[in-house]
Structures are given as C-alpha cells and as structure tokens.
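Asks: Sharing upload29.pdb, PDB, C-alpha atoms and all ligand atoms:
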ATOM      1  CA  MET A   1       9.724 102.086  48.632  1.00  0.00           C
ATOM      2  CA  ASP A   2      11.042  98.718  47.465  1.00  0.00           C
ATOM      3  CA  ARG A   3      14.675  97.595  47.809  1.00  0.00           C
ATOM      4  CA  MET A   4      15.677  98.493  44.230  1.00  0.00           C
ATOM      5  CA  ALA A   5      14.185 101.976  44.466  1.00  0.00           C
ATOM      6  CA  LYS A   6      15.976 102.569  47.773  1.00  0.00           C
ATOM      7  CA  SER A   7      19.265 101.393  46.283  1.00  0.00           C
ATOM      8  CA  LEU A   8      18.787 103.695  43.269  1.00  0.00           C
ATOM      9  CA  LYS A   9      18.048 106.617  45.593  1.00  0.00           C
ATOM     10  CA  GLU A  10      21.250 105.902  47.506  1.00  0.00           C
ATOM     11  CA  LYS A  11      23.288 105.722  44.299  1.00  0.00           C
ATOM     12  CA  LEU A  12      21.779 108.953  43.027  1.00  0.00           C
ATOM     13  CA  LYS A  13      23.477 110.805  45.880  1.00  0.00           C
ATOM     14  CA  ILE A  14      26.358 110.925  43.391  1.00  0.00           C
ATOM     15  CA  ILE A  15      24.625 113.819  41.604  1.00  0.00           C
ATOM     16  CA  ARG A  16      25.797 116.227  44.309  1.00  0.00           C
ATOM     17  CA  PHE A  17      29.292 115.868  42.804  1.00  0.00           C
ATOM     18  CA  LEU A  18      28.275 116.775  39.256  1.00  0.00           C
ATOM     19  CA  PRO A  19      29.619 120.202  38.286  1.00  0.00           C
ATOM     20  CA  LYS A  20      26.809 122.747  37.999  1.00  0.00           C
ATOM     21  CA  ASP A  21      27.826 123.662  34.440  1.00  0.00           C
ATOM     22  CA  ALA A  22      28.412 120.079  33.235  1.00  0.00           C
ATOM     23  CA  LYS A  23      27.303 119.403  29.676  1.00  0.00           C
ATOM     24  CA  THR A  24      28.716 115.914  29.225  1.00  0.00           C
ATOM     25  CA  VAL A  25      28.913 113.078  31.736  1.00  0.00           C
ATOM     26  CA  LEU A  26      30.413 109.611  31.306  1.00  0.00           C
ATOM     27  CA  ASP A  27      29.123 106.724  33.446  1.00  0.00           C
ATOM     28  CA  VAL A  28      31.708 103.921  33.488  1.00  0.00           C
ATOM     29  CA  GLY A  29      30.381 100.444  34.322  1.00  0.00           C
ATOM     30  CA  CYS A  30      26.771 101.614  33.953  1.00  0.00           C
ATOM     31  CA  ALA A  31      25.348  98.047  33.985  1.00  0.00           C
ATOM     32  CA  ASP A  32      21.664  98.208  32.917  1.00  0.00           C
ATOM     33  CA  GLY A  33      21.828 102.010  32.948  1.00  0.00           C
ATOM     34  CA  SER A  34      19.380 102.557  35.826  1.00  0.00           C
ATOM     35  CA  VAL A  35      21.522 105.251  37.429  1.00  0.00           C
ATOM     36  CA  THR A  36      22.516 106.832  34.092  1.00  0.00           C
ATOM     37  CA  ILE A  37      18.869 106.979  32.993  1.00  0.00           C
ATOM     38  CA  ALA A  38      17.732 108.488  36.297  1.00  0.00           C
ATOM     39  CA  MET A  39      20.464 111.156  35.981  1.00  0.00           C
ATOM     40  CA  ALA A  40      19.511 111.876  32.355  1.00  0.00           C
ATOM     41  CA  GLU A  41      15.887 112.372  33.424  1.00  0.00           C
ATOM     42  CA  LEU A  42      16.931 114.743  36.206  1.00  0.00           C
ATOM     43  CA  PHE A  43      19.312 116.746  33.981  1.00  0.00           C
ATOM     44  CA  PRO A  44      17.838 116.912  30.456  1.00  0.00           C
ATOM     45  CA  TRP A  45      20.414 119.595  29.465  1.00  0.00           C
ATOM     46  CA  ILE A  46      23.350 117.212  30.093  1.00  0.00           C
ATOM     47  CA  ASN A  47      24.417 114.565  27.567  1.00  0.00           C
ATOM     48  CA  PHE A  48      25.184 111.223  29.176  1.00  0.00           C
ATOM     49  CA  LEU A  49      27.209 108.313  27.843  1.00  0.00           C
ATOM     50  CA  GLY A  50      26.956 105.028  29.736  1.00  0.00           C
ATOM     51  CA  VAL A  51      29.510 102.328  29.000  1.00  0.00           C
ATOM     52  CA  ASP A  52      29.783  98.745  30.138  1.00  0.00           C
ATOM     53  CA  LEU A  53      31.609  95.636  28.910  1.00  0.00           C
ATOM     54  CA  ASN A  54      28.446  93.560  29.235  1.00  0.00           C
ATOM     55  CA  GLU A  55      26.454  93.609  25.970  1.00  0.00           C
ATOM     56  CA  ALA A  56      23.228  92.324  27.556  1.00  0.00           C
ATOM     57  CA  PHE A  57      23.296  95.215  30.039  1.00  0.00           C
ATOM     58  CA  ILE A  58      23.872  97.721  27.237  1.00  0.00           C
ATOM     59  CA  ASP A  59      20.979  96.291  25.178  1.00  0.00           C
ATOM     60  CA  LYS A  60      18.707  96.612  28.213  1.00  0.00           C
ATOM     61  CA  ALA A  61      19.909 100.158  28.927  1.00  0.00           C
ATOM     62  CA  LYS A  62      19.197 101.180  25.304  1.00  0.00           C
ATOM     63  CA  GLU A  63      15.736  99.639  25.486  1.00  0.00           C
ATOM     64  CA  ASN A  64      14.950 101.424  28.768  1.00  0.00           C
ATOM     65  CA  SER A  65      16.152 104.821  27.566  1.00  0.00           C
ATOM     66  CA  LYS A  66      14.321 105.104  24.257  1.00  0.00           C
ATOM     67  CA  HIS A  67      12.262 107.992  25.627  1.00  0.00           C
ATOM     68  CA  LEU A  68      15.397 110.100  26.237  1.00  0.00           C
ATOM     69  CA  LYS A  69      17.363 112.168  23.707  1.00  0.00           C
ATOM     70  CA  ASN A  70      20.250 113.092  26.007  1.00  0.00           C
ATOM     71  CA  ILE A  71      21.652 109.610  26.577  1.00  0.00           C
ATOM     72  CA  ASN A  72      23.704 107.003  24.726  1.00  0.00           C
ATOM     73  CA  PHE A  73      24.990 103.620  25.734  1.00  0.00           C
ATOM     74  CA  GLU A  74      27.945 101.715  24.342  1.00  0.00           C
ATOM     75  CA  LYS A  75      29.465  98.316  24.983  1.00  0.00           C
ATOM     76  CA  VAL A  76      33.128  99.080  25.482  1.00  0.00           C
ATOM     77  CA  TYR A  77      35.929  98.172  27.869  1.00  0.00           C
ATOM     78  CA  LEU A  78      37.255 101.004  29.975  1.00  0.00           C
ATOM     79  CA  ARG A  79      40.798 100.434  28.692  1.00  0.00           C
ATOM     80  CA  GLU A  80      39.565 100.831  25.090  1.00  0.00           C
ATOM     81  CA  LEU A  81      37.714 103.994  26.005  1.00  0.00           C
ATOM     82  CA  LEU A  82      40.885 105.453  27.512  1.00  0.00           C
ATOM     83  CA  THR A  83      42.619 105.255  24.120  1.00  0.00           C
ATOM     84  CA  ARG A  84      40.063 107.654  22.595  1.00  0.00           C
ATOM     85  CA  GLU A  85      40.443 111.373  22.442  1.00  0.00           C
ATOM     86  CA  ALA A  86      37.295 112.458  24.219  1.00  0.00           C
ATOM     87  CA  TYR A  87      36.380 114.971  26.896  1.00  0.00           C
ATOM     88  CA  TYR A  88      33.737 114.710  29.612  1.00  0.00           C
ATOM     89  CA  ASP A  89      32.906 117.321  32.235  1.00  0.00           C
ATOM     90  CA  ALA A  90      32.416 114.562  34.822  1.00  0.00           C
ATOM     91  CA  ILE A  91      32.992 110.822  35.070  1.00  0.00           C
ATOM     92  CA  VAL A  92      30.773 108.672  37.271  1.00  0.00           C
ATOM     93  CA  PHE A  93      32.258 105.382  38.431  1.00  0.00           C
ATOM     94  CA  LEU A  94      29.852 103.580  40.771  1.00  0.00           C
ATOM     95  CA  LEU A  95      31.075 100.196  41.928  1.00  0.00           C
ATOM     96  CA  GLY A  96      29.976  97.820  44.661  1.00  0.00           C
ATOM     97  CA  VAL A  97      32.073  97.690  47.839  1.00  0.00           C
ATOM     98  CA  ALA A  98      33.294  94.173  47.013  1.00  0.00           C
ATOM     99  CA  ARG A  99      34.625  95.369  43.654  1.00  0.00           C
ATOM    100  CA  ILE A 100      36.374  98.350  45.235  1.00  0.00           C
ATOM    101  CA  LEU A 101      38.018  96.057  47.807  1.00  0.00           C
ATOM    102  CA  HIS A 102      39.116  93.745  44.980  1.00  0.00           C
ATOM    103  CA  ILE A 103      40.694  96.630  43.029  1.00  0.00           C
ATOM    104  CA  TRP A 104      42.321  97.982  46.208  1.00  0.00           C
ATOM    105  CA  ARG A 105      43.765  94.552  47.088  1.00  0.00           C
ATOM    106  CA  ARG A 106      45.189  94.159  43.574  1.00  0.00           C
ATOM    107  CA  ALA A 107      46.703  97.648  43.721  1.00  0.00           C
ATOM    108  CA  VAL A 108      48.334  96.930  47.103  1.00  0.00           C
ATOM    109  CA  LEU A 109      49.676  93.576  45.864  1.00  0.00           C
ATOM    110  CA  GLY A 110      50.951  95.319  42.714  1.00  0.00           C
ATOM    111  CA  PHE A 111      52.809  97.956  44.723  1.00  0.00           C
ATOM    112  CA  LYS A 112      54.265  95.290  47.035  1.00  0.00           C
ATOM    113  CA  SER A 113      55.642  93.374  44.074  1.00  0.00           C
ATOM    114  CA  PHE A 114      57.568  96.543  43.120  1.00  0.00           C
ATOM    115  CA  GLY A 115      59.113  96.518  46.611  1.00  0.00           C
TER     116      GLY A 115
HETATM  117  C1  LIG B 201      28.906  96.720  40.404  1.00  0.00           C
HETATM  118  S1  LIG B 201      28.385  97.003  38.729  1.00  0.00           S
HETATM  119  C2  LIG B 201      27.926  98.699  38.941  1.00  0.00           C
HETATM  120  C3  LIG B 201      26.716  99.061  38.151  1.00  0.00           C
HETATM  121  C4  LIG B 201      26.271 100.519  38.171  1.00  0.00           C
HETATM  122  N1  LIG B 201      27.371 101.463  38.097  1.00  0.00           N
HETATM  123  C5  LIG B 201      25.442 100.775  39.389  1.00  0.00           C
HETATM  124  O1  LIG B 201      25.934 101.352  40.347  1.00  0.00           O
HETATM  125  O2  LIG B 201      24.275 100.385  39.371  1.00  0.00           O
HETATM  126  C6  LIG B 201      29.926  97.162  37.834  1.00  0.00           C
HETATM  127  C7  LIG B 201      29.746  97.192  36.311  1.00  0.00           C
HETATM  128  O3  LIG B 201      31.007  97.533  35.740  1.00  0.00           O
HETATM  129  C8  LIG B 201      31.180  96.793  34.558  1.00  0.00           C
HETATM  130  N2  LIG B 201      32.618  96.729  34.287  1.00  0.00           N
HETATM  131  C9  LIG B 201      33.557  96.109  35.030  1.00  0.00           C
HETATM  132  N3  LIG B 201      34.781  96.280  34.507  1.00  0.00           N
HETATM  133  C10 LIG B 201      34.608  97.047  33.379  1.00  0.00           C
HETATM  134  C11 LIG B 201      35.496  97.565  32.392  1.00  0.00           C
HETATM  135  N4  LIG B 201      36.802  97.325  32.442  1.00  0.00           N
HETATM  136  N5  LIG B 201      34.998  98.313  31.386  1.00  0.00           N
HETATM  137  C12 LIG B 201      33.650  98.556  31.317  1.00  0.00           C
HETATM  138  N6  LIG B 201      32.766  98.096  32.234  1.00  0.00           N
HETATM  139  C13 LIG B 201      33.235  97.352  33.262  1.00  0.00           C
HETATM  140  C14 LIG B 201      30.527  95.441  34.842  1.00  0.00           C
HETATM  141  O4  LIG B 201      30.117  94.779  33.659  1.00  0.00           O
HETATM  142  C15 LIG B 201      29.338  95.846  35.732  1.00  0.00           C
HETATM  143  O5  LIG B 201      28.156  95.985  35.000  1.00  0.00           O
END
What does the file become when written as structure tokens?
Replies:
Amino acid sequence: MDRMAKSLKEKLKIIRFLPKDAKTVLDVGCADGSVTIAMAELFPWINFLGVDLNEAFIDKAKENSKHLKNINFEKVYLRELLTREAYYDAIVFLLGVARILHIWRRAVLGFKSFG
C-alpha cells in the first residue's frame, strides 16, 4: 500500500461516526474530494456534498467523481455555507493536526483577549 492509500485508509476511519440512518452528509474542507468520493462509493444510499474554498480542488473533485450519482462538490467558504438554511445528518470536518493547532491557538488567544 502506498503512502496516499494508507493516509486515505486512516482518514476513512471517520465513517464509524456516521449515523447508521444518515441520508445526507456534508464534508467541509474536502480538498480534492478523495475522502468524500471514497465515502460516496462505500455508501451509495447517502448523498454527499463536499465543499472547499479552493476552486482547483473542487474542479478536480468533480472530475474524479463523474462516475457517482450521490455526490456533489461546491466551491464555497464555510462562513457562507453557514448562512444557508440547510440540513445534513452528519458533518465531516477532517483537518490536519497543524491546522487544528492553529485554530486552537487562535481560539485561546481570542478568549484571553476577552479576559
Ligand atoms: C488539511 S485540508 C483537509 C483536506 C481533506 N478534508 C482531507 O482530509 O483530505 C483542509 C482543506 O480545508 C479547506 N478550507 C480551509 N478553510 C476553509 C473554509 N473556511 N471554507 C471552506 N474550506 C476551507 C482548504 O482549502 C483545504 O483544502
């Protein structure tokens, strides 16, 4: 198994958290859609929406998922998405450790500035 495949397998451990009766799943920050596509192949009865702010990633994800009917990709910022009235049975948010640490640091600094 090459490095990419191993990384994808690790990321796919997320599927254990999907509700058994889920019909719609949102993948925020889906990048090139590798994880979203793998999930859509595993669960053809679930409709997936993958979103990312990077247009090149979204174009690639669309190209790589042409064989699937249960998946859509959209270039959109998370904050824009949050203004929509939409419902998803589950939301996947897979980030790298560095990104999580960055968000955590900013949150801690934000709280500190409020005293
Ligand atoms: C570390 S990558 C994770 C990729 C994918 N979830 C995975 O595990 O393979 C984070 C992705 O989130 C996207 N992203 C970051 N901030 C975002 C935002 N505010 N709205 C939408 N996408 C965002 C980036 O463009 C990037 O592709």
Asks: Do a neighbour search on Asp89 in chain A at 8 Å with all atoms listed in the file, toss out local chain neighbours closer than 3 positions, and write the hits as a ChimeraX atom specification.
Replies: /A:19,22-25
Asks: Between A:Leu42, A:Thr83, A:Tyr77, A:Gly33, single out the one closest to Ala61 in chain A, counting only C-alpha atoms.
Replies: A:Gly33
Asks: Quick one: everything within 12 Å of Ile14 in chain A, counting all atoms listed in the file, minus sequence neighbours fewer than 3 positions away in the same chain. Send it as a tab-separated table (two decimals) with C-alpha atoms, keeping the file's coordinate frame.
Replies:
chain	number	residue	atom	x	y	z
A	8	LEU	CA	18.79	103.70	43.27
A	9	LYS	CA	18.05	106.62	45.59
A	10	GLU	CA	21.25	105.90	47.51
A	11	LYS	CA	23.29	105.72	44.30
A	17	PHE	CA	29.29	115.87	42.80
A	18	LEU	CA	28.28	116.78	39.26
A	19	PRO	CA	29.62	120.20	38.29
A	27	ASP	CA	29.12	106.72	33.45
A	35	VAL	CA	21.52	105.25	37.43
A	36	THR	CA	22.52	106.83	34.09
A	38	ALA	CA	17.73	108.49	36.30
A	39	MET	CA	20.46	111.16	35.98
A	90	ALA	CA	32.42	114.56	34.82
A	91	ILE	CA	32.99	110.82	35.07
A	92	VAL	CA	30.77	108.67	37.27
A	93	PHE	CA	32.26	105.38	38.43
A	94	LEU	CA	29.85	103.58	40.77
A	95	LEU	CA	31.08	100.20	41.93
Asks: Could you list the residues chosen by the PyMOL selection byres (((chain A and resi 46-59) around 6) and not hetatm) in this structure as a JSON list (two decimals) with C-alpha atoms, keeping the file's coordinate frame?
Replies:
[["chain", "number", "residue", "atom", "x", "y", "z"],
["A", 23, "LYS", "CA", 27.30, 119.40, 29.68],
["A", 24, "THR", "CA", 28.72, 115.91, 29.22],
["A", 25, "VAL", "CA", 28.91, 113.08, 31.74],
["A", 26, "LEU", "CA", 30.41, 109.61, 31.31],
["A", 27, "ASP", "CA", 29.12, 106.72, 33.45],
["A", 28, "VAL", "CA", 31.71, 103.92, 33.49],
["A", 29, "GLY", "CA", 30.38, 100.44, 34.32],
["A", 30, "CYS", "CA", 26.77, 101.61, 33.95],
["A", 31, "ALA", "CA", 25.35, 98.05, 33.98],
["A", 32, "ASP", "CA", 21.66, 98.21, 32.92],
["A", 43, "PHE", "CA", 19.31, 116.75, 33.98],
["A", 44, "PRO", "CA", 17.84, 116.91, 30.46],
["A", 45, "TRP", "CA", 20.41, 119.60, 29.46],
["A", 60, "LYS", "CA", 18.71, 96.61, 28.21],
["A", 61, "ALA", "CA", 19.91, 100.16, 28.93],
["A", 62, "LYS", "CA", 19.20, 101.18, 25.30],
["A", 70, "ASN", "CA", 20.25, 113.09, 26.01],
["A", 71, "ILE", "CA", 21.65, 109.61, 26.58],
["A", 72, "ASN", "CA", 23.70, 107.00, 24.73],
["A", 73, "PHE", "CA", 24.99, 103.62, 25.73],
["A", 74, "GLU", "CA", 27.94, 101.72, 24.34],
["A", 75, "LYS", "CA", 29.46, 98.32, 24.98],
["A", 76, "VAL", "CA", 33.13, 99.08, 25.48],
["A", 77, "TYR", "CA", 35.93, 98.17, 27.87]]
Asks: If I take atom N2 of ligand LIG 201 (chain B) and CA of Ser34 in chain A, how far is one from the other in Å, to one decimal?
Replies: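 Separating atom N2 of ligand LIG 201 (chain B) from CA of Ser34 in chain A is a distance of 14.5 Å.
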Asks: Do you have the CA of Asn64 in chain A-CA of Ala40 in chain A distance handy?
Replies: 12.0 Å
Asks: Quick check, in Å to one decimal: how far apart do CA of Leu12 in chain A and CA of Tyr87 in chain A lie?
Replies: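 Atom-to-atom, CA of Leu12 in chain A to CA of Tyr87 in chain A, that is 22.6 Å.
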Asks: Go through A:Leu68, A:Glu63, A:Ser7, A:Lys20 one by one, measure the shortest atom-to-atom distance of each to ligand LIG 201 (chain B) using all atoms listed in the file, and give the residue with the smallest value.
Replies: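 Looking only at the distances to ligand LIG 201 (chain B), the closest residue turns out to be A:Ser7.
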Asks: Point out the residue among A:Ser65, A:Ile37, A:Arg16, A:Tyr88 with the least atom-to-atom distance to ligand LIG 201 (chain B), counting only C-alpha atoms and all ligand atoms.
Replies: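 Closest candidate: A:Ile37.
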Asks: Could you work out an axis-aligned bounding box for all listed atoms of ligand LIG 201 (chain B), with 8 Å added on each of the six sides, and give its centre and edge lengths in Å to one decimal, as lines of an AutoDock Vina configuration file?
Replies:
center_x = 30.5
center_y = 98.1
center_z = 35.9
size_x = 28.5
size_y = 22.7
size_z = 25.1
Asks: Complete range 28-55 of chain A at the level of N, CA and C atoms, written as an mmCIF file, in the frame of the given file.
Replies:
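Saved to part.cif:
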data_model
loop_
_atom_site.group_PDB
_atom_site.id
_atom_site.type_symbol
_atom_site.label_atom_id
_atom_site.label_comp_id
_atom_site.auth_asym_id
_atom_site.auth_seq_id
_atom_site.Cartn_x
_atom_site.Cartn_y
_atom_site.Cartn_z
ATOM 1 N N VAL A 28 30.919 105.127 33.774
ATOM 2 C CA VAL A 28 31.708 103.921 33.488
ATOM 3 C C VAL A 28 31.160 102.743 34.300
ATOM 4 N N GLY A 29 30.928 101.611 33.633
ATOM 5 C CA GLY A 29 30.381 100.444 34.322
ATOM 6 C C GLY A 29 28.928 100.699 34.685
ATOM 7 N N CYS A 30 28.150 101.154 33.696
ATOM 8 C CA CYS A 30 26.771 101.614 33.953
ATOM 9 C C CYS A 30 25.790 100.462 34.156
ATOM 10 N N ALA A 31 26.235 99.226 33.893
ATOM 11 C CA ALA A 31 25.348 98.047 33.985
ATOM 12 C C ALA A 31 24.093 98.252 33.143
ATOM 13 N N ASP A 32 22.896 98.079 33.725
ATOM 14 C CA ASP A 32 21.664 98.208 32.917
ATOM 15 C C ASP A 32 21.231 99.656 32.734
ATOM 16 N N GLY A 33 22.073 100.585 33.202
ATOM 17 C CA GLY A 33 21.828 102.010 32.948
ATOM 18 C C GLY A 33 20.826 102.673 33.881
ATOM 19 N N SER A 34 20.414 101.978 34.936
ATOM 20 C CA SER A 34 19.380 102.557 35.826
ATOM 21 C C SER A 34 19.802 103.919 36.367
ATOM 22 N N VAL A 35 21.051 103.997 36.834
ATOM 23 C CA VAL A 35 21.522 105.251 37.429
ATOM 24 C C VAL A 35 21.710 106.302 36.337
ATOM 25 N N THR A 36 22.292 105.888 35.204
ATOM 26 C CA THR A 36 22.516 106.832 34.092
ATOM 27 C C THR A 36 21.180 107.407 33.613
ATOM 28 N N ILE A 37 20.191 106.543 33.469
ATOM 29 C CA ILE A 37 18.869 106.979 32.993
ATOM 30 C C ILE A 37 18.225 107.947 33.993
ATOM 31 N N ALA A 38 18.325 107.609 35.268
ATOM 32 C CA ALA A 38 17.732 108.488 36.297
ATOM 33 C C ALA A 38 18.411 109.861 36.251
ATOM 34 N N MET A 39 19.749 109.869 36.054
ATOM 35 C CA MET A 39 20.464 111.156 35.981
ATOM 36 C C MET A 39 20.041 111.928 34.731
ATOM 37 N N ALA A 40 19.890 111.209 33.617
ATOM 38 C CA ALA A 40 19.511 111.876 32.355
ATOM 39 C C ALA A 40 18.105 112.470 32.457
ATOM 40 N N GLU A 41 17.243 111.830 33.227
ATOM 41 C CA GLU A 41 15.887 112.372 33.424
ATOM 42 C C GLU A 41 15.930 113.620 34.307
ATOM 43 N N LEU A 42 16.824 113.596 35.295
ATOM 44 C CA LEU A 42 16.931 114.743 36.206
ATOM 45 C C LEU A 42 17.592 115.949 35.543
ATOM 46 N N PHE A 43 18.538 115.663 34.617
ATOM 47 C CA PHE A 43 19.312 116.746 33.981
ATOM 48 C C PHE A 43 19.199 116.648 32.461
ATOM 49 N N PRO A 44 18.053 117.060 31.908
ATOM 50 C CA PRO A 44 17.838 116.912 30.456
ATOM 51 C C PRO A 44 18.789 117.758 29.611
ATOM 52 N N TRP A 45 19.468 118.748 30.220
ATOM 53 C CA TRP A 45 20.414 119.595 29.465
ATOM 54 C C TRP A 45 21.826 118.987 29.421
ATOM 55 N N ILE A 46 22.033 117.877 30.114
ATOM 56 C CA ILE A 46 23.350 117.212 30.093
ATOM 57 C C ILE A 46 23.270 115.989 29.180
ATOM 58 N N ASN A 47 24.341 115.785 28.385
ATOM 59 C CA ASN A 47 24.417 114.565 27.567
ATOM 60 C C ASN A 47 25.188 113.493 28.318
ATOM 61 N N PHE A 48 24.577 112.329 28.432
ATOM 62 C CA PHE A 48 25.184 111.223 29.176
ATOM 63 C C PHE A 48 25.619 110.107 28.223
ATOM 64 N N LEU A 49 26.786 109.536 28.520
ATOM 65 C CA LEU A 49 27.209 108.313 27.843
ATOM 66 C C LEU A 49 27.454 107.255 28.918
ATOM 67 N N GLY A 50 26.746 106.142 28.811
ATOM 68 C CA GLY A 50 26.956 105.028 29.736
ATOM 69 C C GLY A 50 27.697 103.920 29.012
ATOM 70 N N VAL A 51 28.753 103.408 29.635
ATOM 71 C CA VAL A 51 29.510 102.328 29.000
ATOM 72 C C VAL A 51 29.627 101.137 29.951
ATOM 73 N N ASP A 52 29.617 99.968 29.352
ATOM 74 C CA ASP A 52 29.783 98.745 30.138
ATOM 75 C C ASP A 52 30.319 97.666 29.200
ATOM 76 N N LEU A 53 31.062 96.705 29.745
ATOM 77 C CA LEU A 53 31.609 95.636 28.910
ATOM 78 C C LEU A 53 30.574 94.552 28.628
ATOM 79 N N ASN A 54 29.463 94.596 29.357
ATOM 80 C CA ASN A 54 28.446 93.560 29.235
ATOM 81 C C ASN A 54 27.387 93.970 28.199
ATOM 82 N N GLU A 55 27.354 93.246 27.085
ATOM 83 C CA GLU A 55 26.454 93.609 25.970
ATOM 84 C C GLU A 55 24.971 93.511 26.358
#
